[in-house]
Amino acid sequence: MGTTEQVRTFCRICEPSCGLVAQVDDGVLVKLSPDRDHPVTKGFACHKGLAAVDLHHDPDRLDHPMLRAADGTWTTTSWDDALTTTARRLQAVIDTHGIDAVAAYVGNPSAFNALGQLHVGTLLRTLGVRKHFSSGTQDCANKFVASEAVFGSSMVHPIPDLTNTDLCLIIGENPRASQASFYSVPNVLGEMRRAAARGARMVFVNPRRIETPEQGVGDTVLIRPDTDVWFLASLLHEIDLLGGFDSRVLAQHGARVAELREFIAQYPADRTADVTGIPADTVCELAQAWVRTPRASVHASTGINMGRQGTLAYWLVHMLSFVTGRLDVEGGNLKSDGFYPNARAGAGVPEQNYVDTEFGRLRRGSLPGTLLSNSILDSEHPVRALIVVAGNPLLSIAGEAALRKAFEQLDLLVVIDIYPSATAELAHVVLPSTDMYERDDLNIVNIGTSAQPFAQYTQAVVAPKADRMPEWWIAHRLLQAMGKPSLFDDLAEGQQPDPWSKWRHMLERGSGLQLDDLADGVARVLPTPTPGTFFDQQVHTADGRVDCCPPVFGPAIERSHRLFGEAIAAAARRADGELLLIHKRDAWMHNSWFSNLERMKRHGRTNNPLGISSVSAERLGLRDGDTVTVTSQHGEIEAVVELDDDLMEGVVSMVHGWGHRASPRLQVAAANPGANPNVLLPIGPDSFEPLSSQAHMTGIPVAVRPAPVVSSVS
Ligand code: SF4
């Protein structure tokens with residue numbers, strides 16, 4: 001008779017890390033259900049998290065190491081052969097061209113993989129790889145820079161105290177479609193509804209009237225994309241005029257307040273209105289509401305990050321909270337800690353984190369993804385070997401054609417992934433990794449941003465299928481194959497390597513918890529963020545004060561003034577019908593990972609249409625369902641029109657994660673390819689925010705016209 005087990009685990013798709021129960025029949029994962037006994041997530045889980053069971057069983061997954069021959073054919077091979085081949089070819093590149101001919105790209109799923117991110121880091125550090133690229137410069141790099149400059153730690157991201165807030169300003173986020181980012185709350189929409197029901201006012205600032213307010217949660221203020229910094233400056237300035245700055249807090253904890261005032265004073269609400277699209281009266285009303293609401297909070301998400309000035313925008317988000325005395329108070333913004341107090345670990349001096357490169361002065365750490373193709377094609381010291389881990393840069397970074405050309409030119413492209421992605425199709429070696437239910441893990445992604453922190457360990461729910469192996473194992477086996485120190489050295493007969501030692505140490509030091517005590521899979525609830533300790537414990541600037549106008553922002557502030565001048569000119573062009581493209585969040589896609597799941601294509605979701613308002617569509621002679629050509633200065637795609645009158649006039653939208661024409665082994669994705677909107681985005685030295693390397697991905701000017709009709713007569 002067969003066995004059925006219910007195994008406690010948690011989701012690793014997005015930040016709340018919702019508790020799940022996996023049903024395992026005879027060693028096979030058959031179902032994921034919300035864990036109703038989870039002390040924090042309490043039975044909440046969304047359809048994306050539950051659909052991960054399909055990801056686990058997807059027949060198109062990578063199951064074996066594979067090598068691509070010169071004629072393009074793939075052969076399955078053993079791990080020993082794949083790793084020996086990789087080591088030999090990688091060493092040949094290093095011997096001939098030096099270590100700077102090797103680069104790495106690490107994708108978003110690594111943030112949800114405790115052992116993977118740790119040991120891939122060990123691999124790259126041990127090899128001496130200095131050219132690091134990551135998905136971080138596609139969605140959040142600005143946040144670390146702003147927090148480092150303002151609070152002295154890249155890891156300080158105070159979150160709204162939603163339980164107690166009376167006013168919450170939420171910028172660039174659509175919780176109904178994609179929860180929240182840098183803010184972990186299970187069922188954040190439900191929490192917002194609860195807050196609204198007790199009388200709290202929720203204000204969403206977006207270029208599209210998002211689904212969330214339709215649920216009776218709050219109002220949307222429509223903003224022109226890529227103008228958040230000037231909206232926030234005008235809001236702060238109007239608050240200052242109302243006497244809303246907290247002089248006691250500023251005297252006690254602030255530095256360079258005068259310089260902040262000098263910046264925001266240049267953007268009164270009546271000056272920014274034409275550029276942001278937000279009437280001055282709306283800004284002034286929000287300022288008044290903020291001033292009269294002591295328990296007010298603010299949160300900014302991906303939409304704000306993707307603009308050209310995400311760091312400055314996030315700086316002003318911090319300022320809105322701090323200078324008005326809403327930081328570290330009940331109902332305002334609070335810093336969460338989790339099982340590891342991470343503020344000290346993220347401490348840094350911004351000025352020391354930039355280096356001169358052939359592409360200009362760049363921040364250390366993650367290089368701009370939009371320079372990846374340049375680093376291969378246009379560099380004096382080109383990258384010749386690239387290791388890609390859990391990422392699909394060909395589709396997720398701008399400039400698909402340039403990236404394709406670049407990847408085809410590499411001496412070695414190694415892809416470690418769960419899928420034969422479009423990037424993997426160009427690889428020389430692909431190495432199959434485990435999915436989240438085939439590996440042990442710890443919930444690390446929400447450390448420091450969780451409304452109710454908890455620590456949870458999960459064992460692998462099922463054994464890995466076929467030859468799939470966890471990233472930590474692949475990293476150390478590759479090190480071993482290259483003759484470098486690895487976890488596989490000096491093991492006694494029968495002894496297994498221990499990949500957990502660093503996390504075990506951090507867990508114990510940070511919270512007193514033992515990893516072994518978490519082996520039962522039960523989440524341990526940690527202290528809830530409380531007001532009163534922020535300025536003593538979380539601020540790591542040299543003088544211990546919150547820097548209200550960090551000198552490192554100097555060039556960015558000058559740039560902001562220049563961009564504002566250009567934006568005024570652009571406002572005039574809008575009269576001519578210029579359209580601005582934004583990335584839309586969608587409940588049926590998660591990066592490109594969910595592109596091969598039938599369940600996500602239901603109800604006609606077989607492509608990613610171009611959202612456009614009826615007014616713009618009529619002006620262009622377009623109807624719902626028409627095929628159009630979308631052109632930017634950087635590229636051209638075809639898309640299907642979807643009328644969307646929730647969009648601000650002059651804005652069009654597309655969901656990313658699509659464009660799978662070159663992914664033949666992903667059968668569902670290839671049959672429903674959609675279009676890759678990243679083709680329309682800029683690449684190269686002017687394509688990112690200099691402070692943070694964050695790619696410019698929103699507010700891209702595009703032209704839309706009916707696609708030419710292809711004649712069937714030759
Ligand atoms: S909200 Fe995020 S973490 Fe929770 S189940 Fe959905 S995808 Fe998973």
# chains A, B, ... in the order shown; residues from 1 in each chain; ligands from 1
>>> closest_atom_pairs(of="chain A", to="ligand 1", cutoff="7 Å", atoms="only C-alpha atoms and all ligand atoms", output="JSON lines")
{"residue": "A:Cys11", "atom": "CA", "partner": "ligand 1", "partner_atom_place_in_ligand_line": "8 (Fe)", "distance": 4.6}
{"residue": "A:Arg12", "atom": "CA", "partner": "ligand 1", "partner_atom_place_in_ligand_line": "3 (S)", "distance": 5.8}
{"residue": "A:Ile13", "atom": "CA", "partner": "ligand 1", "partner_atom_place_in_ligand_line": "7 (S)", "distance": 4.6}
{"residue": "A:Cys14", "atom": "CA", "partner": "ligand 1", "partner_atom_place_in_ligand_line": "2 (Fe)", "distance": 4.0}
{"residue": "A:Glu15", "atom": "CA", "partner": "ligand 1", "partner_atom_place_in_ligand_line": "3 (S)", "distance": 5.5}
{"residue": "A:Pro16", "atom": "CA", "partner": "ligand 1", "partner_atom_place_in_ligand_line": "3 (S)", "distance": 4.7}
{"residue": "A:Ser17", "atom": "CA", "partner": "ligand 1", "partner_atom_place_in_ligand_line": "3 (S)", "distance": 4.0}
{"residue": "A:Cys18", "atom": "CA", "partner": "ligand 1", "partner_atom_place_in_ligand_line": "4 (Fe)", "distance": 4.2}
{"residue": "A:Phe44", "atom": "CA", "partner": "ligand 1", "partner_atom_place_in_ligand_line": "4 (Fe)", "distance": 7.0}
{"residue": "A:Ala45", "atom": "CA", "partner": "ligand 1", "partner_atom_place_in_ligand_line": "5 (S)", "distance": 3.7}
{"residue": "A:Cys46", "atom": "CA", "partner": "ligand 1", "partner_atom_place_in_ligand_line": "6 (Fe)", "distance": 3.9}
{"residue": "A:His47", "atom": "CA", "partner": "ligand 1", "partner_atom_place_in_ligand_line": "6 (Fe)", "distance": 6.3}
{"residue": "A:Lys48", "atom": "CA", "partner": "ligand 1", "partner_atom_place_in_ligand_line": "7 (S)", "distance": 4.9}
{"residue": "A:Gly49", "atom": "CA", "partner": "ligand 1", "partner_atom_place_in_ligand_line": "5 (S)", "distance": 3.7}
{"residue": "A:Leu50", "atom": "CA", "partner": "ligand 1", "partner_atom_place_in_ligand_line": "5 (S)", "distance": 6.3}
{"residue": "A:Gln179", "atom": "CA", "partner": "ligand 1", "partner_atom_place_in_ligand_line": "1 (S)", "distance": 6.2}
{"residue": "A:Pro186", "atom": "CA", "partner": "ligand 1", "partner_atom_place_in_ligand_line": "1 (S)", "distance": 6.3}
{"residue": "A:Asn187", "atom": "CA", "partner": "ligand 1", "partner_atom_place_in_ligand_line": "1 (S)", "distance": 6.6}
>>> write_last_selection(atoms="N, CA and C atoms", output="PDB file, in the first residue's frame")
ATOM      1  N   CYS A  11       6.807  28.645   0.533  1.00  0.00           N
ATOM      2  CA  CYS A  11       6.915  29.057  -0.866  1.00  0.00           C
ATOM      3  C   CYS A  11       8.178  29.890  -1.067  1.00  0.00           C
ATOM      4  N   ARG A  12       8.778  29.742  -2.240  1.00  0.00           N
ATOM      5  CA  ARG A  12       9.949  30.566  -2.556  1.00  0.00           C
ATOM      6  C   ARG A  12       9.797  31.270  -3.903  1.00  0.00           C
ATOM      7  N   ILE A  13       8.591  31.790  -4.112  1.00  0.00           N
ATOM      8  CA  ILE A  13       8.335  32.565  -5.326  1.00  0.00           C
ATOM      9  C   ILE A  13       8.467  34.057  -5.033  1.00  0.00           C
ATOM     10  N   CYS A  14       7.846  34.507  -3.944  1.00  0.00           N
ATOM     11  CA  CYS A  14       8.001  35.928  -3.622  1.00  0.00           C
ATOM     12  C   CYS A  14       8.203  36.102  -2.114  1.00  0.00           C
ATOM     13  N   GLU A  15       8.224  37.342  -1.650  1.00  0.00           N
ATOM     14  CA  GLU A  15       8.825  37.630  -0.353  1.00  0.00           C
ATOM     15  C   GLU A  15       8.103  37.118   0.896  1.00  0.00           C
ATOM     16  N   PRO A  16       6.772  37.038   0.929  1.00  0.00           N
ATOM     17  CA  PRO A  16       6.158  36.584   2.189  1.00  0.00           C
ATOM     18  C   PRO A  16       6.549  35.171   2.596  1.00  0.00           C
ATOM     19  N   SER A  17       7.027  34.358   1.646  1.00  0.00           N
ATOM     20  CA  SER A  17       7.451  32.982   1.956  1.00  0.00           C
ATOM     21  C   SER A  17       6.327  32.223   2.653  1.00  0.00           C
ATOM     22  N   CYS A  18       5.164  32.221   2.044  1.00  0.00           N
ATOM     23  CA  CYS A  18       3.968  31.651   2.684  1.00  0.00           C
ATOM     24  C   CYS A  18       4.149  30.182   3.050  1.00  0.00           C
ATOM     25  N   PHE A  44      -2.652  31.577   4.260  1.00  0.00           N
ATOM     26  CA  PHE A  44      -2.690  32.343   3.010  1.00  0.00           C
ATOM     27  C   PHE A  44      -1.652  31.782   2.053  1.00  0.00           C
ATOM     28  N   ALA A  45      -2.033  31.649   0.819  1.00  0.00           N
ATOM     29  CA  ALA A  45      -1.084  31.369  -0.267  1.00  0.00           C
ATOM     30  C   ALA A  45      -1.797  31.758  -1.551  1.00  0.00           C
ATOM     31  N   CYS A  46      -1.065  32.264  -2.505  1.00  0.00           N
ATOM     32  CA  CYS A  46      -1.717  32.685  -3.751  1.00  0.00           C
ATOM     33  C   CYS A  46      -1.586  31.592  -4.808  1.00  0.00           C
ATOM     34  N   HIS A  47      -2.277  31.794  -5.924  1.00  0.00           N
ATOM     35  CA  HIS A  47      -2.295  30.768  -6.963  1.00  0.00           C
ATOM     36  C   HIS A  47      -0.919  30.542  -7.579  1.00  0.00           C
ATOM     37  N   LYS A  48      -0.067  31.572  -7.562  1.00  0.00           N
ATOM     38  CA  LYS A  48       1.276  31.378  -8.128  1.00  0.00           C
ATOM     39  C   LYS A  48       2.062  30.379  -7.284  1.00  0.00           C
ATOM     40  N   GLY A  49       1.993  30.580  -5.968  1.00  0.00           N
ATOM     41  CA  GLY A  49       2.731  29.687  -5.086  1.00  0.00           C
ATOM     42  C   GLY A  49       2.247  28.248  -5.218  1.00  0.00           C
ATOM     43  N   LEU A  50       0.928  28.078  -5.309  1.00  0.00           N
ATOM     44  CA  LEU A  50       0.376  26.719  -5.393  1.00  0.00           C
ATOM     45  C   LEU A  50       0.676  26.087  -6.750  1.00  0.00           C
ATOM     46  N   GLN A 179       1.763  41.150  -4.941  1.00  0.00           N
ATOM     47  CA  GLN A 179       2.089  41.374  -3.522  1.00  0.00           C
ATOM     48  C   GLN A 179       2.875  42.677  -3.369  1.00  0.00           C
ATOM     49  N   PRO A 186       2.091  38.510   4.416  1.00  0.00           N
ATOM     50  CA  PRO A 186       1.226  37.554   3.749  1.00  0.00           C
ATOM     51  C   PRO A 186      -0.134  38.199   3.510  1.00  0.00           C
ATOM     52  N   ASN A 187      -0.666  38.034   2.334  1.00  0.00           N
ATOM     53  CA  ASN A 187      -1.946  38.643   1.983  1.00  0.00           C
ATOM     54  C   ASN A 187      -1.945  40.144   2.251  1.00  0.00           C
TER      55      ASN A 187
END
>>> closest_atom_pairs(of="segment 14-133 of chain A", to="segment 442-449 of chain A", cutoff="12 Å", atoms="only C-alpha atoms", output="tab-separated table")
residue	atom	partner	partner_atom	distance
A:Cys14	CA	A:Val445	CA	8.3
A:Glu15	CA	A:Asn446	CA	5.7
A:Pro16	CA	A:Asn446	CA	6.8
A:Ser17	CA	A:Asn443	CA	6.7
A:Cys18	CA	A:Asn443	CA	9.7
A:Gly19	CA	A:Asn443	CA	10.3
A:Asn108	CA	A:Val445	CA	10.8
A:Pro109	CA	A:Val445	CA	10.1
A:Ser110	CA	A:Val445	CA	9.5
A:Ala111	CA	A:Val445	CA	6.0
A:Phe112	CA	A:Val445	CA	5.5
A:Asn113	CA	A:Leu442	CA	7.6
A:Ala114	CA	A:Leu442	CA	5.9
A:Leu115	CA	A:Leu442	CA	8.4
A:Gly116	CA	A:Leu442	CA	10.9
A:Gln117	CA	A:Ile444	CA	10.3
A:Leu118	CA	A:Ile444	CA	11.0
>>> closest_residue(among="A:Ala670, A:Val7, A:Ala269, A:Ala300", to="Phe182 of chain A", atoms="only C-alpha atoms")
A:Ala300
>>> select_by_dssp(residues="segment 445-607 of chain A", states="alpha helix (DSSP H)", output="PyMOL selection string")
chain A and resi 471-481+501-511+534-537+554-574
>>> atom_distance(atom1="atom CA of Gln288 of chain A", atom2="atom CA of Glu238 of chain A")
8.3 Å
>>> residues_around(residues="segment 503-506 of chain A", least_positions_apart="4", cutoff="7 Å", atoms="only C-alpha atoms", output="JSON, numbers by chain")
{"A": [340, 510, 514, 515]}
>>> write_last_selection(atoms="N, CA, C and O atoms", output="CSV table (one decimal), in the first residue's frame")
chain,number,residue,atom,x,y,z
A,340,TYR,N,18.2,37.6,11.8
A,340,TYR,CA,19.5,38.1,11.7
A,340,TYR,C,19.5,39.6,11.6
A,340,TYR,O,18.9,40.2,10.6
A,510,GLY,N,22.3,35.6,15.6
A,510,GLY,CA,21.3,36.6,15.5
A,510,GLY,C,20.0,36.4,16.3
A,510,GLY,O,19.4,37.4,16.8
A,514,GLN,N,18.8,27.4,17.1
A,514,GLN,CA,19.6,26.4,16.5
A,514,GLN,C,19.0,25.8,15.2
A,514,GLN,O,17.8,25.6,15.2
A,515,LEU,N,19.7,25.7,14.2
A,515,LEU,CA,19.2,25.2,12.9
A,515,LEU,C,18.5,23.8,13.2
A,515,LEU,O,17.4,23.5,12.6
>>> residues_around(residues="segment 654-656 of chain A", least_positions_apart="6", cutoff="7 Å", atoms="only C-alpha atoms", output="PyMOL selection string")
chain A and resi 582-586+591+608-611+676-677
>>> write_last_selection(atoms="N, CA, C and O atoms", output="PDB file, in the first residue's frame")
ATOM      1  N   ILE A 582       5.262  51.447 -19.935  1.00  0.00           N
ATOM      2  CA  ILE A 582       5.595  50.961 -18.582  1.00  0.00           C
ATOM      3  C   ILE A 582       5.514  49.433 -18.574  1.00  0.00           C
ATOM      4  O   ILE A 582       4.846  48.825 -19.413  1.00  0.00           O
ATOM      5  N   HIS A 583       6.218  48.834 -17.596  1.00  0.00           N
ATOM      6  CA  HIS A 583       6.070  47.399 -17.346  1.00  0.00           C
ATOM      7  C   HIS A 583       4.877  47.209 -16.422  1.00  0.00           C
ATOM      8  O   HIS A 583       4.814  47.822 -15.356  1.00  0.00           O
ATOM      9  N   LYS A 584       3.959  46.360 -16.803  1.00  0.00           N
ATOM     10  CA  LYS A 584       2.794  46.087 -15.964  1.00  0.00           C
ATOM     11  C   LYS A 584       3.017  44.797 -15.178  1.00  0.00           C
ATOM     12  O   LYS A 584       3.560  43.835 -15.729  1.00  0.00           O
ATOM     13  N   ARG A 585       2.605  44.804 -13.923  1.00  0.00           N
ATOM     14  CA  ARG A 585       2.662  43.562 -13.145  1.00  0.00           C
ATOM     15  C   ARG A 585       1.413  42.749 -13.427  1.00  0.00           C
ATOM     16  O   ARG A 585       0.350  43.295 -13.687  1.00  0.00           O
ATOM     17  N   ASP A 586       1.524  41.451 -13.321  1.00  0.00           N
ATOM     18  CA  ASP A 586       0.460  40.567 -13.750  1.00  0.00           C
ATOM     19  C   ASP A 586       0.423  39.364 -12.814  1.00  0.00           C
ATOM     20  O   ASP A 586       1.469  38.849 -12.423  1.00  0.00           O
ATOM     21  N   ASN A 591       8.422  36.778 -13.520  1.00  0.00           N
ATOM     22  CA  ASN A 591       9.613  36.836 -14.362  1.00  0.00           C
ATOM     23  C   ASN A 591       9.346  35.946 -15.575  1.00  0.00           C
ATOM     24  O   ASN A 591       8.255  35.931 -16.103  1.00  0.00           O
ATOM     25  N   ASN A 608       1.172  38.641 -24.164  1.00  0.00           N
ATOM     26  CA  ASN A 608       1.226  39.840 -23.305  1.00  0.00           C
ATOM     27  C   ASN A 608       0.857  41.056 -24.155  1.00  0.00           C
ATOM     28  O   ASN A 608       1.701  41.639 -24.823  1.00  0.00           O
ATOM     29  N   PRO A 609      -0.417  41.409 -24.154  1.00  0.00           N
ATOM     30  CA  PRO A 609      -0.859  42.486 -25.031  1.00  0.00           C
ATOM     31  C   PRO A 609      -0.287  43.839 -24.640  1.00  0.00           C
ATOM     32  O   PRO A 609       0.221  44.027 -23.528  1.00  0.00           O
ATOM     33  N   LEU A 610      -0.412  44.746 -25.584  1.00  0.00           N
ATOM     34  CA  LEU A 610      -0.066  46.146 -25.312  1.00  0.00           C
ATOM     35  C   LEU A 610      -1.313  46.830 -24.793  1.00  0.00           C
ATOM     36  O   LEU A 610      -2.295  46.994 -25.521  1.00  0.00           O
ATOM     37  N   GLY A 611      -1.302  47.230 -23.520  1.00  0.00           N
ATOM     38  CA  GLY A 611      -2.421  47.985 -22.966  1.00  0.00           C
ATOM     39  C   GLY A 611      -2.382  49.413 -23.480  1.00  0.00           C
ATOM     40  O   GLY A 611      -1.316  50.044 -23.489  1.00  0.00           O
ATOM     41  N   ASN A 676       8.725  40.343 -26.385  1.00  0.00           N
ATOM     42  CA  ASN A 676       9.658  40.767 -25.342  1.00  0.00           C
ATOM     43  C   ASN A 676       9.757  42.291 -25.308  1.00  0.00           C
ATOM     44  O   ASN A 676      10.468  42.887 -26.122  1.00  0.00           O
ATOM     45  N   PRO A 677       9.074  42.943 -24.360  1.00  0.00           N
ATOM     46  CA  PRO A 677       9.111  44.413 -24.340  1.00  0.00           C
ATOM     47  C   PRO A 677      10.481  44.983 -24.001  1.00  0.00           C
ATOM     48  O   PRO A 677      10.751  46.160 -24.251  1.00  0.00           O
TER      49      PRO A 677
END
>>> atom_distance(atom1="atom CA of Val539 of chain A", atom2="atom CA of Trp290 of chain A")
24.4 Å
>>> residues_around(residues="Lys143 of chain A", least_positions_apart="2", cutoff="12 Å", atoms="only C-alpha atoms", output="VMD selection string")
chain A and resid 136 to 141 145 to 151 153 to 158 181 to 182 299 to 302 304 to 306 309 to 318 689 691 to 694
>>> closest_residue(among="A:Met66, A:Leu189, A:Val651, A:Ala669", to="Asp80 of chain A", atoms="only C-alpha atoms")
A:Met66
>>> select_by_dssp(residues="segment 86-324 of chain A", states="strand (DSSP E)", output="PyMOL selection string")
chain A and resi 102-106+131-134+159-160+167-171+201-206+219-222+254-255+296-300
>>> write_last_selection(atoms="N, CA, C and O atoms", output="short mmCIF file (atom, residue, chain, number, x, y, z; two decimals), in the first residue's frame")
data_model
loop_
_atom_site.label_atom_id
_atom_site.label_comp_id
_atom_site.auth_asym_id
_atom_site.auth_seq_id
_atom_site.Cartn_x
_atom_site.Cartn_y
_atom_site.Cartn_z
N VAL A 102 36.22 36.40 -17.29
CA VAL A 102 35.11 35.57 -16.78
C VAL A 102 34.11 36.48 -16.05
O VAL A 102 34.51 37.34 -15.27
N ALA A 103 32.83 36.29 -16.32
CA ALA A 103 31.79 37.06 -15.64
C ALA A 103 30.69 36.10 -15.19
O ALA A 103 30.62 34.95 -15.64
N ALA A 104 29.85 36.61 -14.31
CA ALA A 104 28.71 35.81 -13.83
C ALA A 104 27.45 36.66 -13.85
O ALA A 104 27.51 37.88 -13.65
N TYR A 105 26.33 36.00 -14.11
CA TYR A 105 25.01 36.64 -14.00
C TYR A 105 24.17 35.76 -13.08
O TYR A 105 24.00 34.56 -13.32
N VAL A 106 23.65 36.37 -12.02
CA VAL A 106 22.82 35.62 -11.07
C VAL A 106 21.41 36.20 -11.09
O VAL A 106 21.23 37.41 -10.94
N LYS A 131 33.65 40.42 -12.30
CA LYS A 131 32.60 41.01 -13.12
C LYS A 131 31.28 40.29 -12.80
O LYS A 131 31.02 39.21 -13.32
N HIS A 132 30.52 40.92 -11.93
CA HIS A 132 29.25 40.33 -11.49
C HIS A 132 28.09 41.10 -12.11
O HIS A 132 28.04 42.32 -12.00
N PHE A 133 27.16 40.39 -12.68
CA PHE A 133 25.91 40.99 -13.14
C PHE A 133 24.78 40.25 -12.42
O PHE A 133 24.94 39.09 -12.02
N SER A 134 23.64 40.93 -12.26
CA SER A 134 22.53 40.24 -11.60
C SER A 134 21.21 40.89 -12.00
O SER A 134 21.19 42.01 -12.54
N ILE A 159 9.59 49.60 6.92
CA ILE A 159 8.33 49.20 6.26
C ILE A 159 7.14 49.87 6.96
O ILE A 159 7.22 50.23 8.15
N PRO A 160 6.02 50.02 6.24
CA PRO A 160 4.84 50.62 6.90
C PRO A 160 4.32 49.72 8.02
O PRO A 160 4.29 48.50 7.89
N LEU A 167 -2.70 56.47 7.46
CA LEU A 167 -2.51 56.94 6.08
C LEU A 167 -1.29 56.23 5.52
O LEU A 167 -0.22 56.24 6.15
N CYS A 168 -1.46 55.59 4.38
CA CYS A 168 -0.32 54.89 3.78
C CYS A 168 -0.23 55.29 2.31
O CYS A 168 -1.19 55.13 1.56
N LEU A 169 0.92 55.79 1.94
CA LEU A 169 1.19 56.20 0.56
C LEU A 169 2.01 55.10 -0.09
O LEU A 169 3.09 54.75 0.40
N ILE A 170 1.49 54.52 -1.16
CA ILE A 170 2.12 53.35 -1.78
C ILE A 170 2.43 53.70 -3.24
O ILE A 170 1.51 53.92 -4.03
N ILE A 171 3.69 53.74 -3.57
CA ILE A 171 4.11 54.25 -4.88
C ILE A 171 4.70 53.11 -5.71
O ILE A 171 5.58 52.38 -5.26
N ARG A 201 -6.52 55.53 5.41
CA ARG A 201 -6.59 55.94 4.01
C ARG A 201 -5.37 55.38 3.28
O ARG A 201 -4.23 55.58 3.70
N MET A 202 -5.62 54.66 2.20
CA MET A 202 -4.54 54.11 1.38
C MET A 202 -4.52 54.89 0.07
O MET A 202 -5.55 54.99 -0.62
N VAL A 203 -3.37 55.42 -0.27
CA VAL A 203 -3.24 56.18 -1.52
C VAL A 203 -2.18 55.51 -2.39
O VAL A 203 -1.02 55.40 -1.98
N PHE A 204 -2.59 55.05 -3.56
CA PHE A 204 -1.66 54.41 -4.50
C PHE A 204 -1.26 55.43 -5.56
O PHE A 204 -2.12 56.13 -6.10
N VAL A 205 0.02 55.48 -5.84
CA VAL A 205 0.52 56.41 -6.87
C VAL A 205 1.09 55.57 -8.00
O VAL A 205 2.08 54.85 -7.81
N ASN A 206 0.44 55.63 -9.15
CA ASN A 206 0.80 54.75 -10.26
C ASN A 206 0.40 55.38 -11.59
O ASN A 206 -0.52 56.19 -11.61
N ASP A 219 -7.48 54.94 -3.05
CA ASP A 219 -7.57 55.71 -4.29
C ASP A 219 -6.24 55.63 -5.03
O ASP A 219 -5.20 55.44 -4.42
N THR A 220 -6.31 55.83 -6.34
CA THR A 220 -5.07 55.95 -7.11
C THR A 220 -4.88 57.39 -7.55
O THR A 220 -5.81 58.01 -8.07
N VAL A 221 -3.69 57.88 -7.34
CA VAL A 221 -3.26 59.15 -7.93
C VAL A 221 -2.44 58.77 -9.16
O VAL A 221 -1.44 58.05 -9.05
N LEU A 222 -2.89 59.21 -10.32
CA LEU A 222 -2.17 58.84 -11.55
C LEU A 222 -0.94 59.73 -11.71
O LEU A 222 -1.02 60.96 -11.60
N GLY A 254 19.17 64.29 12.56
CA GLY A 254 19.35 64.60 11.14
C GLY A 254 20.64 65.34 10.84
O GLY A 254 21.22 66.01 11.70
N ALA A 255 21.10 65.20 9.62
CA ALA A 255 22.25 65.97 9.12
C ALA A 255 21.91 66.46 7.72
O ALA A 255 21.16 65.81 6.99
N ALA A 296 1.35 58.09 9.86
CA ALA A 296 1.36 58.01 8.40
C ALA A 296 2.60 57.24 7.95
O ALA A 296 3.66 57.34 8.58
N SER A 297 2.45 56.47 6.88
CA SER A 297 3.55 55.61 6.43
C SER A 297 3.65 55.65 4.91
O SER A 297 2.73 56.09 4.23
N VAL A 298 4.77 55.16 4.42
CA VAL A 298 5.02 55.24 2.98
C VAL A 298 5.77 53.99 2.54
O VAL A 298 6.56 53.42 3.29
N HIS A 299 5.47 53.58 1.31
CA HIS A 299 6.19 52.43 0.74
C HIS A 299 6.35 52.65 -0.75
O HIS A 299 5.44 53.13 -1.42
N ALA A 300 7.51 52.28 -1.27
CA ALA A 300 7.76 52.42 -2.71
C ALA A 300 8.25 51.09 -3.25
O ALA A 300 9.07 50.42 -2.63
#
>>> residues_around(residues="Gly243 of chain A", least_positions_apart="5", cutoff="10 Å", atoms="only C-alpha atoms", output="CSV table (one decimal) with N, CA and C atoms, in the first residue's frame")
chain,number,residue,atom,x,y,z
A,237,HIS,N,8.2,69.4,-0.2
A,237,HIS,CA,8.2,70.9,-0.1
A,237,HIS,C,6.9,71.5,0.4
A,238,GLU,N,5.8,71.0,-0.1
A,238,GLU,CA,4.5,71.5,0.4
A,238,GLU,C,4.3,71.1,1.9
A,291,VAL,N,0.4,65.9,7.1
A,291,VAL,CA,0.8,66.7,8.2
A,291,VAL,C,-0.2,66.5,9.4
A,324,THR,N,9.5,64.1,8.8
A,324,THR,CA,8.2,64.5,9.4
A,324,THR,C,7.9,63.8,10.7
>>> closest_atom_pairs(of="segment 51-140 of chain A", to="segment 453-475 of chain A", cutoff="12 Å", atoms="only C-alpha atoms", output="CSV")
residue,atom,partner,partner_atom,distance
A:Val53,CA,A:Val461,CA,11.4
A:His56,CA,A:Lys465,CA,8.9
A:His57,CA,A:Lys465,CA,9.1
A:Asp58,CA,A:Lys465,CA,11.1
A:Pro59,CA,A:Lys465,CA,11.0
A:Arg61,CA,A:Arg468,CA,9.6
A:Leu62,CA,A:Arg468,CA,7.6
A:Asp63,CA,A:Ala466,CA,5.4
A:His64,CA,A:Asp467,CA,5.1
A:Pro65,CA,A:Asp467,CA,7.5
A:Met66,CA,A:Asp467,CA,10.8
A:Thr76,CA,A:Asp467,CA,10.6
A:Thr77,CA,A:Asp467,CA,10.1
A:Ser78,CA,A:Asp467,CA,8.6
A:Trp79,CA,A:Asp467,CA,8.1
A:Asp80,CA,A:Ile474,CA,10.7
A:Ala82,CA,A:Ile474,CA,10.5
A:Leu83,CA,A:Ile474,CA,8.4
A:Thr84,CA,A:Ile474,CA,11.8
A:Thr86,CA,A:Ile474,CA,11.3
A:Ala87,CA,A:Ala475,CA,11.2
A:Val106,CA,A:Glu471,CA,11.6
A:Pro109,CA,A:Glu471,CA,11.4
A:Ser110,CA,A:Glu471,CA,9.3
A:Asn113,CA,A:Glu471,CA,8.9
A:Ala114,CA,A:Trp472,CA,9.4
A:Leu115,CA,A:Trp472,CA,5.8
A:Gly116,CA,A:Glu471,CA,4.9
A:Gln117,CA,A:Trp472,CA,8.0
A:Leu118,CA,A:Trp472,CA,7.6
A:His119,CA,A:Trp472,CA,5.0
A:Val120,CA,A:Ala475,CA,5.7
A:Gly121,CA,A:Ala475,CA,8.8
A:Thr122,CA,A:Ala475,CA,7.9
A:Leu123,CA,A:Ala475,CA,5.6
A:Leu124,CA,A:Ala475,CA,8.8
A:Arg125,CA,A:Ala475,CA,11.1
A:Thr126,CA,A:Ala475,CA,10.4
A:Leu127,CA,A:Ala475,CA,10.8
